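Peer 1: One structure coming up, written as structure tokens, with questions to follow.
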Amino acid sequence: MAFRGDEYTRAVRVFGTPDFIHFGWDRWAQAEVMPGDTAVFARGTFEDEPSTYGFPDLREAADGSR
């Protein structure tokens with residue numbers, strides 16, 4: 001589920017530019033979260049069961065460009 005307002009902008013202000021953006025909570029996204037990482041969800045939590053379907057993801061560049 002996507003952010004519906006300025007949640008993404010506020011999260012970047014607080015946590016910085018993300019390394020990855022996963023468009024859905026699937027097994028791949030779950031495997032990418034390492035100890036010490038901060039995961040920001042539009043909806044749900046890390047404990048939610050990941051989808052059996054895969055979703056695309058977006059890797060952010062260190063300078064914030066895509």
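Every chain in the structure tokens has a letter given in the order shown (A, B, ...), and although residue numbers restart at 1 in each chain, ligands are simply numbered from 1 in the order shown.
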Can you tell me, as a VMD selection string, what residues are no more than 12 Å from Gly44 (chain A) when counting only C-alpha atoms, ignoring any on the same chain fewer than 4 positions away?
Peer 2: chain A and resid 1 to 3 24 to 25 39 to 40 48 to 50
Peer 1: Chain A: which residues are strand (DSSP E or B) by DSSP, as an NGL selection string?
Peer 2: :A and (20-22 or 26 or 51 or 57-59)
Peer 1: Nearest residue to Thr45 (chain A) out of A:Asp57, A:Asp19, A:Val14, A:Gln30, using only C-alpha atoms?
Peer 2: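 Checking each of A:Asp57, A:Asp19, A:Val14, A:Gln30 against Thr45 (chain A), counting only C-alpha atoms, the winner is A:Gln30.
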Peer 1: Can you tell me how far CA of Thr38 (chain A) sits from CA of Gly5 (chain A), in Å to one decimal?
Peer 2: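 Distance between the two atoms: 20.0 Å.
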Peer 1: Using DSSP secondary structure from the backbone, list all alpha helix (DSSP H) positions within chain A, as a list in words.
Peer 2: Glu7, Tyr8, Thr9, Arg10, Ala11, Val12, Arg13, Val14, Phe15, Arg27, Trp28, Ala29, Gln30, Ala31 and Glu32 of chain A
Peer 1: Show which residues sit within 12 Å of Asp37 (chain A), as a compact mmCIF listing (two decimals) with C-alpha atoms, in the first residue's frame. Count only C-alpha atoms, and ignore same-chain residues fewer than 3 positions away.
Peer 2:
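Full text of around12.txt as output:
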```txt
# COMPACT_ATOMS: atom_id res chain seq x y z
CA PHE A 15 15.29 9.20 8.84
CA PRO A 18 15.93 5.35 1.99
CA ASP A 19 18.30 2.76 0.59
CA PHE A 20 15.36 0.84 -0.87
CA GLN A 30 11.36 -8.83 4.59
CA ALA A 31 14.79 -10.32 3.81
CA GLU A 32 16.23 -6.85 3.09
CA VAL A 33 15.55 -5.53 6.62
CA MET A 34 18.66 -6.09 8.73
CA VAL A 40 8.83 2.74 7.56
CA PHE A 46 7.21 -5.80 10.14
```
Peer 1: Could you check how far CA of Thr9 (chain A) sits from CA of Thr52 (chain A), in Å to one decimal?
Peer 2: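 For CA of Thr9 (chain A) relative to CA of Thr52 (chain A), the distance reads 28.9 Å.
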